[in-house]
Amino acid sequence: MSLRRVAVVLGLLETFGPISMDLYLPTLPRLAADLDTSESLAQATMSACMLGLALGQLVVGPLSDRFGRRRPLLVGVGLFAVLSLVCAVTPSIELLLAARFFQGLCGSAGIVIALAVARDLTDGVELVRLLAMLTTVGALAPIVAPVVGGQLALVMDWRGIFAVLAGIGVALFVLALTSLPESLPPPARHARGPAHHFGAVLRDRLFLCFLLVGACGGAAFFTYLASISFVLQDSFSLTPQWFSVCFAANAVMSVVGAQINRVVVRRAGPARMYAVGTTITAVAALAMVVSVLFDAGLWALLVPLALLMLAGGCTQANGSALALADHRARAGTAAALLGTSSFALGPVVAPLVSLGGTSPLSMSLTMAVAYGCAAGLVWLAVRPRLRRRAVRLDKVDVVPPGPL
């Protein structure tokens, strides 16, 4: 199986997070009205799913190091489809919150195992380029999902959209069953318990720095996900369909960023691309705050937001590859911690931001603070430690070109 085909399959499996949230984003206001609940609780259905996606990775990652990648993946994808149907028929916001948590718990298998399989198969710059391909394929979900969600909102309610999610889960189960071979042979598996593996990975201080950066970036990104539908539809009076177009355009910028990174990373190196990308996201988020404070209008908000997404697409693969570089023997556990870090603060921060009502200022200010902290950590903590690991950086930056 070629690496390009593997990248397509893994990228589709990574879509669990985006499709779980983006597909029903245009119907969030209607969901709140139908279940007679507040905007904050409606947004909390996203937070419940985020929390499940975060905690589930901590379970599935070590299990994949012990039992291989395929079995945990197939169980998780299958249960995701079942729980999507449960979400479609829940009669109350309380039951929906519970169902969304378990839906995220099972859907986490696709996210963490896709990253672990990529680390099993490649290394160095070629790992960055493979992850950039995964980002490209995975970014199709946030491009397509809101647009499709906006059109589905014309003919069905949010319950129907969850039924569509169940069908997507079934399709991805079949794809994983038929197209993804086992990448971790039995001799490479670990018999010890998760605590041992977590301890071994967490003793790496550089890895801990990457986790902190991921937590800050995740808080900013999930604030965007939870707030943007209310900001564009309520504050700027966009229809669900136009909101979907704007949301998809931002996702396109992530794809463009990933492709720029894939081309440039061999020359610039992942460490430099990572630092530059995080810095640009912080500057762009600050520009969003300025545009809101001066009431400069919709386009003054959308342009720096698009730049932020472009820089994010340049950053993600580099951070993952650098963080996983020293942890091939425990790729599942390391990928789980890395993935969980991006969900660590989002489920808490996103609802808090909307407690007083979602506004362009609350969204942009939260994103600016979080991305600013991420950039500060990269320059003050990550880069000095990367310089001290010159041998490892040479290994990461000077891998001969491969087939990607």
# chains A, B, ... in the order shown; residues from 1 in each chain; ligands from 1
call {"tool": "residues_around", "arguments": {"residues": "Leu322 in chain A", "least_positions_apart": "3", "cutoff": "8 Å", "atoms": "only C-alpha atoms", "output": "PyMOL selection string"}}
result
chain A and resi 270-271+318-319+325+396
call {"tool": "residues_around", "arguments": {"residues": "Ala153 in chain A", "least_positions_apart": "6", "cutoff": "8 Å", "atoms": "only C-alpha atoms", "output": "PyMOL selection string"}}
result
chain A and resi 26-27+240
call {"tool": "residues_around", "arguments": {"residues": "Pro360 in chain A", "least_positions_apart": "4", "cutoff": "8 Å", "atoms": "only C-alpha atoms", "output": "count of residues only"}}
result
4
call {"tool": "atom_distance", "arguments": {"atom1": "CA of Gly357 in chain A", "atom2": "CA of Ala48 in chain A"}}
result
19.3 Å
call {"tool": "atom_distance", "arguments": {"atom1": "CA of Ser354 in chain A", "atom2": "CA of Ala311 in chain A"}}
result
25.8 Å
call {"tool": "select_by_dssp", "arguments": {"residues": "range 179-276 of chain A", "states": "helix (DSSP H, G or I)", "output": "count of residues only"}}
result
80
call {"tool": "closest_atom_pairs", "arguments": {"of": "range 276-386 of chain A", "to": "range 119-129 of chain A", "cutoff": "10 Å", "atoms": "only C-alpha atoms", "output": "Markdown table"}}
result
| residue | atom | partner | partner_atom | distance |
| --- | --- | --- | --- | --- |
| A:Gln316 | CA | A:Val128 | CA | 9.1 |
| A:Ala317 | CA | A:Val128 | CA | 5.4 |
| A:Asn318 | CA | A:Val128 | CA | 5.7 |
| A:Gly319 | CA | A:Val128 | CA | 8.7 |
| A:Ser320 | CA | A:Val128 | CA | 7.8 |
| A:Ala321 | CA | A:Val128 | CA | 5.6 |
| A:Leu322 | CA | A:Gly124 | CA | 8.2 |
| A:Leu324 | CA | A:Arg119 | CA | 7.4 |
| A:Ala325 | CA | A:Gly124 | CA | 7.1 |
| A:His327 | CA | A:Arg119 | CA | 8.9 |
| A:Arg328 | CA | A:Arg119 | CA | 6.5 |
| A:Ala329 | CA | A:Asp120 | CA | 8.7 |
| A:Arg330 | CA | A:Asp120 | CA | 9.6 |
| A:Ala331 | CA | A:Arg119 | CA | 6.4 |
| A:Gly332 | CA | A:Arg119 | CA | 8.8 |
| A:Ala335 | CA | A:Arg119 | CA | 8.9 |
call {"tool": "atom_distance", "arguments": {"atom1": "CA of Ala370 in chain A", "atom2": "CA of Ala219 in chain A"}}
result
6.5 Å
call {"tool": "residues_around", "arguments": {"residues": "Ala215 in chain A", "least_positions_apart": "5", "cutoff": "10 Å", "atoms": "only C-alpha atoms", "output": "number ranges by chain"}}
result
A: 209-210, 220-221, 338-346, 370-371, 373-374
call {"tool": "write_last_selection", "arguments": {"atoms": "all heavy atoms", "output": "CSV table (one decimal), in the first residue's frame"}}
result
chain,number,residue,atom,x,y,z
A,209,CYS,N,6.8,20.6,26.9
A,209,CYS,CA,6.6,21.9,26.3
A,209,CYS,C,5.7,21.9,25.1
A,209,CYS,O,4.8,22.7,24.9
A,209,CYS,CB,8.0,22.5,25.9
A,209,CYS,SG,9.1,22.9,27.2
A,210,PHE,N,5.8,20.8,24.3
A,210,PHE,CA,4.9,20.7,23.1
A,210,PHE,C,3.5,20.5,23.6
A,210,PHE,O,2.5,21.0,23.0
A,210,PHE,CB,5.3,19.5,22.2
A,210,PHE,CG,6.5,19.8,21.3
A,210,PHE,CD1,7.7,19.2,21.5
A,210,PHE,CD2,6.4,20.7,20.3
A,210,PHE,CE1,8.8,19.5,20.7
A,210,PHE,CE2,7.4,21.0,19.5
A,210,PHE,CZ,8.7,20.4,19.7
A,220,ALA,N,-7.6,28.1,21.9
A,220,ALA,CA,-7.9,29.1,20.9
A,220,ALA,C,-8.8,28.6,19.8
A,220,ALA,O,-9.8,29.2,19.4
A,220,ALA,CB,-6.7,29.7,20.3
A,221,PHE,N,-8.4,27.4,19.3
A,221,PHE,CA,-9.1,26.9,18.1
A,221,PHE,C,-10.5,26.5,18.5
A,221,PHE,O,-11.5,26.7,17.7
A,221,PHE,CB,-8.4,25.7,17.5
A,221,PHE,CG,-9.0,25.1,16.3
A,221,PHE,CD1,-8.9,25.9,15.1
A,221,PHE,CD2,-9.6,23.9,16.3
A,221,PHE,CE1,-9.5,25.4,13.9
A,221,PHE,CE2,-10.2,23.4,15.1
A,221,PHE,CZ,-10.1,24.1,14.0
A,338,LEU,N,-0.3,14.0,23.0
A,338,LEU,CA,-0.2,15.1,22.1
A,338,LEU,C,-1.6,15.5,21.7
A,338,LEU,O,-1.9,16.7,21.7
A,338,LEU,CB,0.7,14.8,20.9
A,338,LEU,CG,1.2,16.0,20.1
A,338,LEU,CD1,2.1,16.9,20.9
A,338,LEU,CD2,2.0,15.5,18.9
A,339,GLY,N,-2.4,14.6,21.3
A,339,GLY,CA,-3.7,14.9,20.8
A,339,GLY,C,-4.6,15.4,22.0
A,339,GLY,O,-5.4,16.3,21.8
A,340,THR,N,-4.4,14.8,23.1
A,340,THR,CA,-5.2,15.2,24.3
A,340,THR,C,-4.9,16.6,24.7
A,340,THR,O,-5.8,17.4,25.1
A,340,THR,CB,-5.0,14.3,25.5
A,340,THR,OG1,-5.4,12.9,25.1
A,340,THR,CG2,-5.8,14.7,26.7
A,341,SER,N,-3.7,17.0,24.6
A,341,SER,CA,-3.3,18.4,25.0
A,341,SER,C,-4.1,19.4,24.2
A,341,SER,O,-4.4,20.5,24.8
A,341,SER,CB,-1.8,18.6,24.8
A,341,SER,OG,-1.4,18.7,23.4
A,342,SER,N,-4.4,19.2,22.9
A,342,SER,CA,-5.1,20.2,22.1
A,342,SER,C,-6.6,20.2,22.6
A,342,SER,O,-7.3,21.2,22.2
A,342,SER,CB,-5.0,19.8,20.7
A,342,SER,OG,-5.6,18.6,20.4
A,343,PHE,N,-7.1,19.2,23.3
A,343,PHE,CA,-8.4,19.2,23.8
A,343,PHE,C,-8.5,19.6,25.3
A,343,PHE,O,-9.6,19.7,25.8
A,343,PHE,CB,-9.1,17.9,23.6
A,343,PHE,CG,-9.3,17.5,22.2
A,343,PHE,CD1,-8.4,16.8,21.5
A,343,PHE,CD2,-10.5,17.9,21.5
A,343,PHE,CE1,-8.6,16.4,20.1
A,343,PHE,CE2,-10.7,17.5,20.2
A,343,PHE,CZ,-9.8,16.8,19.5
A,344,ALA,N,-7.4,19.8,25.9
A,344,ALA,CA,-7.3,19.9,27.4
A,344,ALA,C,-8.1,21.1,27.9
A,344,ALA,O,-8.9,21.1,28.9
A,344,ALA,CB,-5.9,19.9,27.9
A,345,LEU,N,-7.9,22.3,27.2
A,345,LEU,CA,-8.5,23.5,27.7
A,345,LEU,C,-9.7,23.9,27.0
A,345,LEU,O,-10.6,24.7,27.5
A,345,LEU,CB,-7.5,24.7,27.6
A,345,LEU,CG,-6.2,24.5,28.5
A,345,LEU,CD1,-5.3,25.7,28.3
A,345,LEU,CD2,-6.6,24.4,30.0
A,346,GLY,N,-9.9,23.5,25.7
A,346,GLY,CA,-11.0,23.9,24.9
A,346,GLY,C,-12.4,23.6,25.5
A,346,GLY,O,-13.2,24.5,25.5
A,370,ALA,N,-4.7,33.1,24.0
A,370,ALA,CA,-4.2,31.7,23.9
A,370,ALA,C,-3.1,31.5,22.9
A,370,ALA,O,-2.1,30.9,23.2
A,370,ALA,CB,-5.4,30.8,23.6
A,371,TYR,N,-3.3,32.1,21.7
A,371,TYR,CA,-2.2,32.0,20.7
A,371,TYR,C,-1.0,32.8,21.1
A,371,TYR,O,0.2,32.4,20.8
A,371,TYR,CB,-2.7,32.4,19.4
A,371,TYR,CG,-3.5,31.4,18.6
A,371,TYR,CD1,-4.7,31.7,18.1
A,371,TYR,CD2,-3.0,30.1,18.4
A,371,TYR,CE1,-5.5,30.7,17.4
A,371,TYR,CE2,-3.7,29.1,17.7
A,371,TYR,CZ,-4.9,29.5,17.2
A,371,TYR,OH,-5.7,28.5,16.5
A,373,CYS,N,0.1,33.1,24.2
A,373,CYS,CA,0.8,32.2,25.2
A,373,CYS,C,1.5,31.0,24.4
A,373,CYS,O,2.7,30.7,24.8
A,373,CYS,CB,-0.2,31.6,26.2
A,373,CYS,SG,-0.9,32.8,27.4
A,374,ALA,N,0.9,30.5,23.4
A,374,ALA,CA,1.5,29.4,22.6
A,374,ALA,C,2.8,29.9,22.0
A,374,ALA,O,3.9,29.3,22.0
A,374,ALA,CB,0.6,28.9,21.6
call {"tool": "residues_around", "arguments": {"residues": "range 156-172 of chain A", "least_positions_apart": "5", "cutoff": "6 Å", "atoms": "only C-alpha atoms", "output": "list in words"}}
result
Thr27, Ala81, Ser84, Leu85 and Ala88 of chain A
call {"tool": "residues_around", "arguments": {"residues": "Met253 in chain A", "least_positions_apart": "4", "cutoff": "10 Å", "atoms": "only C-alpha atoms", "output": "JSON, numbers by chain"}}
result
{"A": [139, 143, 248, 249, 257, 258, 259, 305, 306, 307, 308, 309, 310, 311, 312, 313, 314]}
call {"tool": "closest_residue", "arguments": {"among": "A:Phe80, A:Trp379, A:Trp242, A:Phe222", "to": "Gly277 in chain A", "atoms": "only C-alpha atoms"}}
result
A:Trp379
call {"tool": "residues_around", "arguments": {"residues": "range 90-101 of chain A", "least_positions_apart": "5", "cutoff": "6 Å", "atoms": "only C-alpha atoms", "output": "number ranges by chain"}}
result
A: 45, 48-49, 52
